[in-house]
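Source file: structure.txt. Holds: compact mmCIF, C-alpha atoms.
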# COMPACT_ATOMS: atom_id res chain seq x y z
CA MET O 1 95.42 132.34 150.38
CA ALA O 2 97.94 130.32 148.38
CA ARG O 3 95.14 128.89 146.26
CA MET O 4 93.87 132.38 145.42
CA ALA O 5 97.38 133.51 144.50
CA THR O 6 97.76 130.50 142.21
CA SER O 7 94.47 131.30 140.49
CA ILE O 8 95.47 134.93 139.96
CA TRP O 9 98.85 133.90 138.59
CA SER O 10 97.19 131.40 136.24
CA CYS O 11 94.85 134.08 134.87
CA ILE O 12 97.77 136.45 134.30
CA VAL O 13 99.72 133.77 132.43
CA LYS O 14 96.73 132.89 130.24
CA ALA O 15 96.01 136.52 129.36
CA SER O 16 99.69 137.23 128.63
CA THR O 17 100.01 134.19 126.38
CA LEU O 18 96.89 135.20 124.48
CA ILE O 19 98.29 138.71 123.94
CA PHE O 20 101.64 137.30 122.79
CA PHE O 21 99.90 135.06 120.26
CA ALA O 22 97.83 137.95 118.91
CA GLY O 23 100.86 140.23 118.64
CA ASN O 24 102.94 137.59 116.89
CA VAL O 25 100.23 136.91 114.32
CA LEU O 26 99.85 140.65 113.70
CA LEU O 27 103.59 141.16 113.16
CA LEU O 28 103.82 138.23 110.75
CA LEU O 29 100.90 139.66 108.79
CA LEU O 30 102.69 143.02 108.56
CA ILE O 31 105.79 141.28 107.21
CA ILE O 32 103.79 139.42 104.58
CA ILE O 33 101.82 142.43 103.33
CA SER O 34 104.88 144.70 103.31
CA GLY O 35 105.73 145.91 99.84
CA GLY O 36 102.31 145.04 98.53
CA SER O 37 101.26 148.68 98.40
CA ASP O 38 102.86 151.96 97.42
CA ASN O 39 100.98 153.89 100.09
CA TYR O 40 102.23 154.93 103.51
CA PRO O 41 103.07 153.20 105.87
CA MET O 42 103.55 150.07 103.74
CA SER O 43 106.03 151.99 101.58
CA ARG O 44 108.33 152.31 104.60
CA LEU O 45 108.64 148.57 105.09
CA TYR O 46 111.56 147.08 103.13
CA TRP O 47 114.52 144.80 103.86
CA VAL O 48 117.36 146.72 102.23
CA GLU O 49 117.87 149.79 100.05
CA GLY O 50 120.73 150.15 97.57
CA ASP O 51 122.13 152.40 94.88
CA THR O 52 121.49 150.64 91.58
CA SER O 53 122.35 153.51 89.27
CA GLY O 54 124.15 152.39 86.15
CA ILE O 55 122.64 148.92 86.20
CA PRO O 56 120.50 148.26 83.11
CA HIS O 57 116.72 148.02 83.67
CA ALA O 58 117.11 149.37 87.23
CA SER O 59 116.23 152.74 88.78
CA ASN O 60 118.69 154.88 90.65
CA THR O 61 117.58 153.53 94.03
CA THR O 62 115.96 150.16 94.64
CA ARG O 63 114.23 148.84 97.75
CA TRP O 64 113.75 145.12 98.23
CA THR O 65 110.55 144.19 100.03
CA TYR O 66 108.89 140.90 100.89
CA TRP O 67 107.26 140.71 97.45
CA GLY O 68 109.93 142.14 95.18
CA ALA O 69 112.09 145.10 94.19
CA CYS O 70 110.53 148.58 94.23
CA SER O 71 112.02 151.72 92.70
CA ARG O 72 112.28 154.96 94.65
CA SER O 73 112.25 158.24 92.83
CA ASN O 74 111.32 161.79 93.90
CA GLY O 75 110.55 160.56 97.43
CA ARG O 76 107.98 158.05 96.24
CA THR O 77 108.12 154.25 96.16
CA ASN O 78 106.88 152.59 93.02
CA CYS O 79 106.62 148.80 93.05
CA GLY O 80 105.03 148.56 89.61
CA GLY O 81 104.32 145.13 88.18
CA SER O 82 107.55 143.42 89.19
CA LEU O 83 106.19 141.90 92.38
CA GLY O 84 105.97 138.14 92.87
CA PRO O 85 106.31 135.37 95.42
CA ALA O 86 109.76 134.35 96.71
CA TYR O 87 111.42 137.33 95.04
CA PRO O 88 115.17 137.10 95.79
CA ILE O 89 117.51 139.93 96.76
CA SER O 90 119.73 139.41 93.74
CA PRO O 91 120.27 142.18 91.15
CA VAL O 92 121.59 139.58 88.71
CA ASP O 93 118.26 137.72 88.78
CA ASN O 94 116.09 140.81 89.30
CA PHE O 95 117.41 142.82 86.33
CA GLY O 96 118.73 139.99 84.18
CA THR O 97 122.24 141.40 83.81
CA LYS O 98 125.67 141.45 85.42
CA THR O 99 126.63 144.85 84.08
CA ASN O 100 127.71 147.27 86.84
CA VAL O 101 126.35 144.86 89.46
CA PRO O 102 128.47 144.78 92.66
CA HIS O 103 130.89 141.86 92.62
CA LYS O 104 129.58 140.15 95.76
CA PHE O 105 126.15 139.76 94.21
CA ILE O 106 127.80 137.81 91.39
CA SER O 107 130.22 135.69 93.45
CA ASN O 108 127.66 134.88 96.17
CA ARG O 109 124.65 134.69 93.90
CA GLY O 110 123.48 131.33 95.29
CA SER O 111 123.57 132.55 98.90
CA PHE O 112 121.41 135.60 98.16
CA TYR O 113 119.03 133.60 96.01
CA TYR O 114 118.33 130.69 98.37
CA LEU O 115 118.41 132.61 101.66
CA THR O 116 115.68 135.02 100.59
CA ARG O 117 113.52 132.42 98.86
CA LEU O 118 113.64 130.07 101.87
CA ALA O 119 112.85 132.98 104.19
CA PHE O 120 109.76 133.79 102.11
CA SER O 121 108.44 130.23 102.51
CA PHE O 122 109.34 129.96 106.20
CA PHE O 123 107.41 133.13 107.06
CA TRP O 124 104.26 131.60 105.57
CA ILE O 125 104.78 128.33 107.46
CA ALA O 126 105.39 130.19 110.72
CA LEU O 127 102.24 132.27 110.26
CA SER O 128 100.15 129.15 109.59
CA PHE O 129 101.30 127.26 112.70
CA ILE O 130 101.16 130.23 115.06
CA ALA O 131 97.75 131.37 113.79
CA ILE O 132 96.31 127.88 114.39
CA SER O 133 97.87 127.83 117.87
CA PHE O 134 96.28 131.21 118.57
CA LEU O 135 92.84 129.95 117.51
CA ILE O 136 92.91 126.76 119.60
CA TYR O 137 94.74 128.17 122.62
CA VAL O 138 91.51 128.89 124.50
CA GLY O 139 90.62 125.20 124.20
CA ALA O 140 93.90 124.35 125.93
CA TRP O 141 92.51 125.87 129.14
CA PHE O 142 90.01 123.02 129.41
CA SER O 143 91.78 120.05 127.80
CA SER O 144 95.27 118.65 128.33
CA ALA O 145 95.19 117.05 124.85
CA VAL O 146 94.57 120.42 123.20
CA SER O 147 97.32 121.89 125.38
CA HIS O 148 99.81 119.35 124.05
CA VAL O 149 98.75 120.08 120.47
CA THR O 150 99.21 123.81 121.13
CA TRP O 151 102.69 123.12 122.43
CA ILE O 152 103.67 121.25 119.28
CA LEU O 153 102.17 123.79 116.87
CA THR O 154 103.72 126.73 118.71
CA GLY O 155 107.13 125.06 118.84
CA VAL O 156 107.13 124.33 115.11
CA GLY O 157 105.83 127.81 114.25
CA CYS O 158 108.45 129.53 116.42
CA LEU O 159 111.20 127.42 114.88
CA PHE O 160 110.25 128.45 111.34
CA ASN O 161 109.79 132.07 112.44
CA ILE O 162 113.25 132.27 113.99
CA VAL O 163 114.93 130.59 111.02
CA ALA O 164 113.10 132.85 108.55
CA VAL O 165 114.19 136.01 110.37
CA ILE O 166 117.78 134.80 110.59
CA PHE O 167 117.91 133.97 106.87
CA GLN O 168 116.30 137.27 105.82
CA THR O 169 118.51 139.34 108.13
CA ALA O 170 121.64 137.60 106.86
CA ALA O 171 120.65 138.26 103.24
CA ALA O 172 119.84 141.92 103.96
CA VAL O 173 123.15 142.54 105.77
CA MET O 174 125.10 140.82 102.99
CA ALA O 175 123.31 142.96 100.39
CA ARG O 176 124.06 146.17 102.26
CA ASP O 177 127.72 145.19 102.57
CA ALA O 178 127.85 144.35 98.87
CA PHE O 179 126.67 147.87 97.98
CA THR O 180 128.96 149.64 100.45
CA ASP O 181 131.99 147.58 99.40
CA ASP O 182 131.35 148.70 95.81
CA LYS O 183 131.31 152.36 96.93
CA ARG O 184 127.54 152.56 96.60
CA HIS O 185 124.83 153.63 98.99
CA GLY O 186 123.40 150.77 101.06
CA LYS O 187 120.90 150.92 103.91
CA LEU O 188 118.98 148.38 105.99
CA GLY O 189 115.23 148.71 106.40
CA ALA O 190 115.13 149.15 110.16
CA PRO O 191 111.30 149.18 110.54
CA LEU O 192 110.73 145.83 108.80
CA LEU O 193 113.73 144.15 110.42
CA GLY O 194 112.55 145.47 113.79
CA ILE O 195 109.11 143.94 113.20
CA ALA O 196 110.74 140.64 112.23
CA TRP O 197 112.88 140.42 115.37
CA ALA O 198 109.96 141.54 117.52
CA SER O 199 108.06 138.52 116.21
CA VAL O 200 110.96 136.33 117.35
CA ALA O 201 110.82 137.86 120.82
CA LEU O 202 107.06 137.26 121.01
CA CYS O 203 107.59 133.66 119.90
CA LEU O 204 110.00 133.05 122.75
CA MET O 205 107.71 134.76 125.27
CA GLU O 206 104.60 132.87 124.20
CA PHE O 207 106.40 129.53 124.35
CA THR O 208 107.77 130.41 127.81
CA SER O 209 104.26 131.38 128.91
CA LEU O 210 102.93 128.04 127.69
CA VAL O 211 105.55 126.21 129.76
CA ALA O 212 104.84 128.35 132.84
CA GLY O 213 101.10 127.87 132.44
CA HIS O 214 101.49 124.10 132.12
CA ILE O 215 103.51 124.02 135.34
CA VAL O 216 100.92 126.10 137.20
CA TRP O 217 97.95 124.03 135.98
CA SER O 218 99.52 120.61 136.49
CA ARG O 219 100.99 121.27 139.94
CA PRO O 220 98.39 121.42 142.74
CA SER O 221 98.71 124.08 145.37
CA LYS O 222 99.76 123.39 148.95
CA ASP O 223 96.22 123.91 150.21
CA GLU O 224 94.86 121.38 147.71
CA ARG O 225 97.42 118.78 148.77
CA ASN O 226 96.59 119.31 152.44
CA HIS O 227 92.87 119.06 151.64
CA GLU O 228 93.40 115.77 149.83
CA LYS O 229 95.42 114.42 152.76
CA ALA O 230 92.66 115.40 155.19
CA GLU O 231 90.02 113.60 153.12
CA LEU O 232 91.96 110.35 152.83
CA PRO O 233 91.50 108.10 155.93
CA SER O 234 94.67 106.90 157.56
CA VAL O 235 94.76 103.10 157.57
CA LYS O 236 97.35 101.40 159.74
CA ILE O 237 98.01 97.84 158.70
CA THR O 238 99.55 95.50 161.26
CA PRO O 239 100.50 91.84 160.77
CA THR O 240 97.79 90.70 163.20
CA SER O 241 95.02 92.72 161.56
CA ARG O 242 95.35 91.03 158.20
CA SER O 243 92.98 88.18 157.66
CA SER O 244 94.13 84.88 156.29
CA SER O 245 91.77 85.26 153.33
CA THR O 246 93.56 88.38 152.07
CA ARG O 247 97.07 87.13 152.79
CA SER O 248 99.01 86.10 149.73
CA VAL O 249 100.34 82.55 150.01
CA HIS O 250 103.31 81.21 148.12
CA PRO O 251 102.52 78.27 145.80
CA PHE O 252 104.96 75.95 147.61
CA ARG O 253 103.43 76.89 150.91
CA THR O 254 99.99 76.12 149.53
CA PHE O 255 101.21 72.69 148.43
CA PHE O 256 102.61 71.77 151.85
CA LEU O 257 99.61 73.23 153.69
CA GLY O 258 97.37 71.02 151.58
CA GLN O 259 99.36 67.94 152.54
CA ARG O 260 99.25 68.87 156.22
CA ASN O 261 95.49 69.42 156.09
CA ALA O 262 95.04 66.01 154.47
CA ARG O 263 97.17 64.37 157.17
CA THR O 264 95.15 66.08 159.90
CA TYR O 265 91.93 64.83 158.31
CA ASP O 266 93.27 61.24 158.28
CA GLU O 267 94.23 61.48 161.95
CA ASN O 268 90.80 62.78 162.92
CA LEU O 269 89.16 59.99 160.95
CA SER O 270 91.29 57.35 162.65
CA LYS O 271 90.47 58.80 166.05
CA GLN O 272 86.77 58.57 165.27
CA ARG O 273 87.10 54.94 164.18
CA ASP O 274 89.08 53.98 167.28
CA ALA O 275 86.45 55.60 169.49
CA GLU O 276 83.73 53.54 167.81
CA THR O 277 85.65 50.26 168.27
CA GLY O 278 86.61 50.97 171.87
CA TYR O 279 90.15 52.20 171.42
CA THR O 280 91.23 55.57 172.63
CA ILE O 281 94.23 57.51 171.52
CA SER O 282 96.30 59.31 174.04
CA SER O 283 95.99 63.06 174.21
CA GLY O 284 99.46 63.54 172.85
CA THR O 285 102.04 61.44 171.11
CA THR O 286 104.83 60.09 173.27
CA GLU O 287 108.35 60.33 172.12
CA GLY O 288 110.49 57.30 172.64
CA ALA O 289 114.11 57.06 173.53
CA ASN O 290 115.15 57.08 169.91
CA GLY O 291 113.14 60.26 169.24
CA THR O 292 110.39 58.55 167.21
CA GLU O 293 106.73 59.09 167.83
CA SER O 294 104.68 56.14 169.17
CA ARG O 295 100.99 55.65 169.79
CA GLU O 296 99.89 53.90 173.06
CA PRO O 297 96.50 52.14 172.97
CA ALA O 298 94.31 52.42 176.04
CA THR O 299 94.24 49.26 178.30
CA HIS O 300 90.68 49.56 179.57
CA PHE O 301 89.11 47.57 176.78
CA ALA O 302 91.90 44.98 176.80
CA GLU O 303 91.63 44.35 180.54
CA THR O 304 87.83 43.98 180.36
CA ARG O 305 88.04 41.55 177.50
CA GLY O 306 90.78 39.55 179.25
CA SER O 307 88.72 39.18 182.46
CA ASN O 308 85.76 37.93 180.43
CA ILE O 309 87.89 35.31 178.69
CA SER O 310 89.39 34.03 182.00
CA SER O 311 85.94 33.72 183.57
CA ASP O 312 84.76 31.71 180.56
CA HIS O 313 87.70 29.31 180.90
CA SER O 314 87.04 28.78 184.65
CA ALA O 315 83.35 28.07 184.01
CA ALA O 316 84.20 25.52 181.32
CA SER O 317 86.66 23.68 183.61
CA VAL O 318 84.03 23.44 186.40
CA ASP O 319 81.57 21.87 183.94
CA ARG O 320 84.14 19.25 182.87
CA ASP O 321 84.88 18.32 186.53
CA LEU O 322 81.18 17.81 187.26
CA GLU O 323 80.73 15.59 184.21
CA SER O 324 83.70 13.42 185.17
CA ALA O 325 82.42 12.97 188.73
structure tokens encoding of this file:
Amino acid sequence: MARMATSIWSCIVKASTLIFFAGNVLLLLLIIISGGSDNYPMSRLYWVEGDTSGIPHASNTTRWTYWGACSRSNGRTNCGGSLGPAYPISPVDNFGTKTNVPHKFISNRGSFYYLTRLAFSFFWIALSFIAISFLIYVGAWFSSAVSHVTWILTGVGCLFNIVAVIFQTAAAVMARDAFTDDKRHGKLGAPLLGIAWASVALCLMEFTSLVAGHIVWSRPSKDERNHEKAELPSVKITPTSRSSSTRSVHPFRTFFLGQRNARTYDENLSKQRDAETGYTISSGTTEGANGTESREPATHFAETRGSNISSDHSAASVDRDLESA
């Protein structure tokens, strides 16, 4: 039962992560193509709208999109030919003048310029990494190496996505405040900012799903662990059951055992020689009064040889007596 629940949970996590990846890629694509068309609904996607009346070379109302500044007149959005990559939210740079431009755009020109240009680049980097992760995610179901690569790509993509949204939101809020502080109309583009922050939420959810999926796949269920325990034979090792051939011997012990074996061989050889010459060695060594070991030769051979010698001497003396008589 637990194994089935784990499988169901794993399928849910995989499907959810796949949906999060697809949604994140779609939202990033919407951000990138926003402002590229004058038609609805692309005309509703902009970062900030401001009153630029009185500024030379600018319309009464200007909307800044991902690709540039678009004019709005008579309820229509006209982007014209002023679109380009990394277009900053900076009226000084957009219209080439400081006349009637709100003061904050002039004093904080560097902040507006670099925040928006970096955000433009980071959105492209985030889309690249997350799109590749989305394409290879299915391979992560069958390979741990691909899973690790997906982790890295997703982490890098989410980092650039979050930073890009933070930079772009900061620039849009600063631009709105610059218009309102100068007694001009300023408005944030809620739809595009909502899409941007939704992509951040999906990034966090997909990364969390990857972590949860890795934990589920790498951790075996309780039934699997019990099954593995049942298959493994229980081996009880006791000191008496180990053979001398498998016992590890210390080098010093091997040295002294070798000397003892050599001494035993010499003793056996001496016993064999004594048996051949008529000597016998007692069954055990006797310990003297001073605690030293002594070997006692058997007396059987000595007594026999002594009796033979005495009989020879007596026979020789009888022969000498007969010769003298």
Shortest interatomic distance to Leu153 (chain O) - which of O:Cys203, O:Asp93, O:Asn39, O:Ile12, counting all atoms listed in the file: O:Cys203
Residue neighbourhood region 157-165 of chain O, 8 Å, all atoms listed in the file, exclusion window fewer than 5 positions, as an MDAnalysis selection string: chainID O and resid 118:120 122:123 125:130 196:197 199:200 203:204
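Minimum distance to Ile55 (chain O) across O:Cys79, O:Leu30, O:Leu192, O:Val101 (counting all atoms listed in the file) occurs at O:Val101.
Neighbours of Ala58 (chain O) closer than or equal to 9 Å, with only C-alpha atoms counted and sequence neighbours fewer than 4 positions away skipped, come out as Thr52, Ser53, Gly54, Thr62, Ser71, Pro91, Asn94 and Phe95 of chain O.
If all atoms listed in the file are the atoms counted, then among O:Leu115, O:Ala212, O:Leu193, O:Leu18 the closest residue to Ala86 (chain O) is O:Leu115.
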Neighbour list for region 110-113 of chain O as a ChimeraX atom specification, cut-off 7 Å, only C-alpha atoms, skip fewer than 5 positions in-chain: /O:88-90,171
Interatomic distance (Å, one decimal) between CA of Tyr87 (chain O) and CA of Arg72 (chain O): 17.7 Å
Test item: residues at most 10 Å from Leu135 (chain O), all atoms listed in the file, excluding those fewer than 4 positions along its chain, as a ChimeraX atom specification: /O:18,21-22,130-131,139,150
Between CA of Ala175 (chain O) and CA of Gly50 (chain O) - distance in Å to one decimal: 8.1 Å
Separation of CA of Val48 (chain O) from CA of Leu188 (chain O) in Å: 4.4 Å
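Using all atoms listed in the file, the nearest neighbour of Asp181 (chain O) within the list O:Trp124, O:Phe20, O:Phe167, O:Phe105 is O:Phe105.
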Lys187 (chain O) surroundings by all atoms listed in the file, 12 Å radius, close-in-sequence under 2 positions cut, as an mmCIF file with C-alpha atoms, in the coordinates of the input:
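Final output, saved to around.cif:
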data_model
loop_
_atom_site.group_PDB
_atom_site.id
_atom_site.type_symbol
_atom_site.label_atom_id
_atom_site.label_comp_id
_atom_site.auth_asym_id
_atom_site.auth_seq_id
_atom_site.Cartn_x
_atom_site.Cartn_y
_atom_site.Cartn_z
ATOM 1 C CA TYR O 46 111.560 147.080 103.130
ATOM 2 C CA TRP O 47 114.520 144.800 103.860
ATOM 3 C CA VAL O 48 117.360 146.720 102.230
ATOM 4 C CA GLU O 49 117.870 149.790 100.050
ATOM 5 C CA GLY O 50 120.730 150.150 97.570
ATOM 6 C CA ASP O 51 122.130 152.400 94.880
ATOM 7 C CA THR O 61 117.580 153.530 94.030
ATOM 8 C CA THR O 62 115.960 150.160 94.640
ATOM 9 C CA ARG O 63 114.230 148.840 97.750
ATOM 10 C CA TRP O 64 113.750 145.120 98.230
ATOM 11 C CA ALA O 172 119.840 141.920 103.960
ATOM 12 C CA VAL O 173 123.150 142.540 105.770
ATOM 13 C CA MET O 174 125.100 140.820 102.990
ATOM 14 C CA ALA O 175 123.310 142.960 100.390
ATOM 15 C CA ARG O 176 124.060 146.170 102.260
ATOM 16 C CA ASP O 177 127.720 145.190 102.570
ATOM 17 C CA ALA O 178 127.850 144.350 98.870
ATOM 18 C CA PHE O 179 126.670 147.870 97.980
ATOM 19 C CA THR O 180 128.960 149.640 100.450
ATOM 20 C CA ARG O 184 127.540 152.560 96.600
ATOM 21 C CA HIS O 185 124.830 153.630 98.990
ATOM 22 C CA GLY O 189 115.230 148.710 106.400
ATOM 23 C CA ALA O 190 115.130 149.150 110.160
ATOM 24 C CA PRO O 191 111.300 149.180 110.540
ATOM 25 C CA LEU O 193 113.730 144.150 110.420
#
Point (96.3, 118.2, 124.1) neighbourhood (12 Å, all atoms listed in the file) written as an MDAnalysis selection string: chainID O and resid 133 136:153 214
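Taking all atoms listed in the file into account, Val13 (chain O) lies nearest to O:Ile215 out of the set O:Ile33, O:Val25, O:Ala275, O:Ile215.
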